[in-house]
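Worksheet: the structure to be examined is printed underneath.
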Amino acid sequence: MQQGRDFQIARAEQSGSTRALAKADPGANPFKIVIDPKVRLDLKRALFDLIDYHDEALAEHFAEGKLALDSYKEYVELFARSLKETMESREGVSYLLRSVGFEVPPEEINLDPELRWKHGPAPFGVSLL
């Protein structure tokens with residue numbers, strides 16, 4: 001029996017899309033901006049839930065004999081591929097947006113956002129890391 005899986009997070013309080021993404025850090029330089037700690041915490045929880053989902057799904061497929069694995073290396077590679085495919089999809093990004101309180105129609109999700117560095121590229125090039 002196939003069990004449907006849905007990433008939607010249901011919350012008792014939906015704050016809508018008027019929530020501020022960033023706020024001033026009162027203990028720092030008055031011009032410094034930090035991401036809202038609640039947004040960061042909600043995003044981390046959503047990512048942990050997503051990781052658990054992918055782990056459980058791979059383990060279930062392996063246990064049912066549907067997936068062949070020869071090593072832990074291969075498991076990690078498949079796990080990374082699964083997460084990458086989810087995060088490159090409108091559904092994956094939509095799940096993360098909902099987890100922090102934003103309801104965005106899938107067709108409005110930008111799957112290739114541009115990095116807009118203020119003072120030239122970051123020290124590590126065009127990547128965020």
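We name chains A, B, ... following the order of the structure tokens; residues begin at 1 in each chain, and ligands are numbered from 1 as shown.
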
### Message
Which residues are close to Phe79 in chain A, i.e. within 12 Å by only C-alpha atoms, leaving aside same-chain residues fewer than 4 positions away? Reply as a ChimeraX atom specification.
### Response
/A:50-59,69,72-75,83-86

Can you list, as a PDB file with all heavy atoms, in the first residue's frame, every protein, DNA or RNA residue that comes within 9 Å of Glu88 in chain A when you count only C-alpha atoms, leaving out same-chain residues fewer than 5 positions away?
```
ATOM      1  N   LEU A  83      17.780  15.151  -2.278  1.00  0.00           N
ATOM      2  CA  LEU A  83      17.613  16.498  -1.712  1.00  0.00           C
ATOM      3  C   LEU A  83      17.801  17.571  -2.782  1.00  0.00           C
ATOM      4  O   LEU A  83      17.036  18.537  -2.843  1.00  0.00           O
ATOM      5  CB  LEU A  83      18.598  16.718  -0.569  1.00  0.00           C
ATOM      6  CG  LEU A  83      18.302  16.000   0.730  1.00  0.00           C
ATOM      7  CD1 LEU A  83      19.461  16.176   1.702  1.00  0.00           C
ATOM      8  CD2 LEU A  83      17.011  16.498   1.347  1.00  0.00           C
ATOM      9  N   VAL A  93      10.911  24.349  -3.037  1.00  0.00           N
ATOM     10  CA  VAL A  93      11.037  25.749  -2.610  1.00  0.00           C
ATOM     11  C   VAL A  93       9.736  26.218  -1.978  1.00  0.00           C
ATOM     12  O   VAL A  93       9.748  26.930  -0.964  1.00  0.00           O
ATOM     13  CB  VAL A  93      11.467  26.649  -3.791  1.00  0.00           C
ATOM     14  CG1 VAL A  93      11.519  28.115  -3.365  1.00  0.00           C
ATOM     15  CG2 VAL A  93      12.819  26.205  -4.338  1.00  0.00           C
ATOM     16  N   LEU A 111      13.402  29.751  -9.517  1.00  0.00           N
ATOM     17  CA  LEU A 111      14.295  28.619  -9.259  1.00  0.00           C
ATOM     18  C   LEU A 111      15.755  28.934  -9.558  1.00  0.00           C
ATOM     19  O   LEU A 111      16.625  28.112  -9.311  1.00  0.00           O
ATOM     20  CB  LEU A 111      13.850  27.401 -10.081  1.00  0.00           C
ATOM     21  CG  LEU A 111      12.505  26.806  -9.684  1.00  0.00           C
ATOM     22  CD1 LEU A 111      12.137  25.663 -10.616  1.00  0.00           C
ATOM     23  CD2 LEU A 111      12.522  26.348  -8.231  1.00  0.00           C
ATOM     24  N   ASP A 112      16.028  30.113 -10.077  1.00  0.00           N
ATOM     25  CA  ASP A 112      17.402  30.510 -10.377  1.00  0.00           C
ATOM     26  C   ASP A 112      17.625  31.962  -9.956  1.00  0.00           C
ATOM     27  O   ASP A 112      17.894  32.824 -10.790  1.00  0.00           O
ATOM     28  CB  ASP A 112      17.673  30.323 -11.879  1.00  0.00           C
ATOM     29  CG  ASP A 112      19.138  30.424 -12.213  1.00  0.00           C
ATOM     30  OD1 ASP A 112      19.985  30.169 -11.331  1.00  0.00           O
ATOM     31  OD2 ASP A 112      19.438  30.769 -13.367  1.00  0.00           O
TER      32      ASP A 112
END
```

### Query
So which bits of range 60-122 of chain A end up alpha helix (DSSP H) when you DSSP the backbone, as a VMD selection string?
chain A and resid 60 to 63 72 to 87 90 to 99
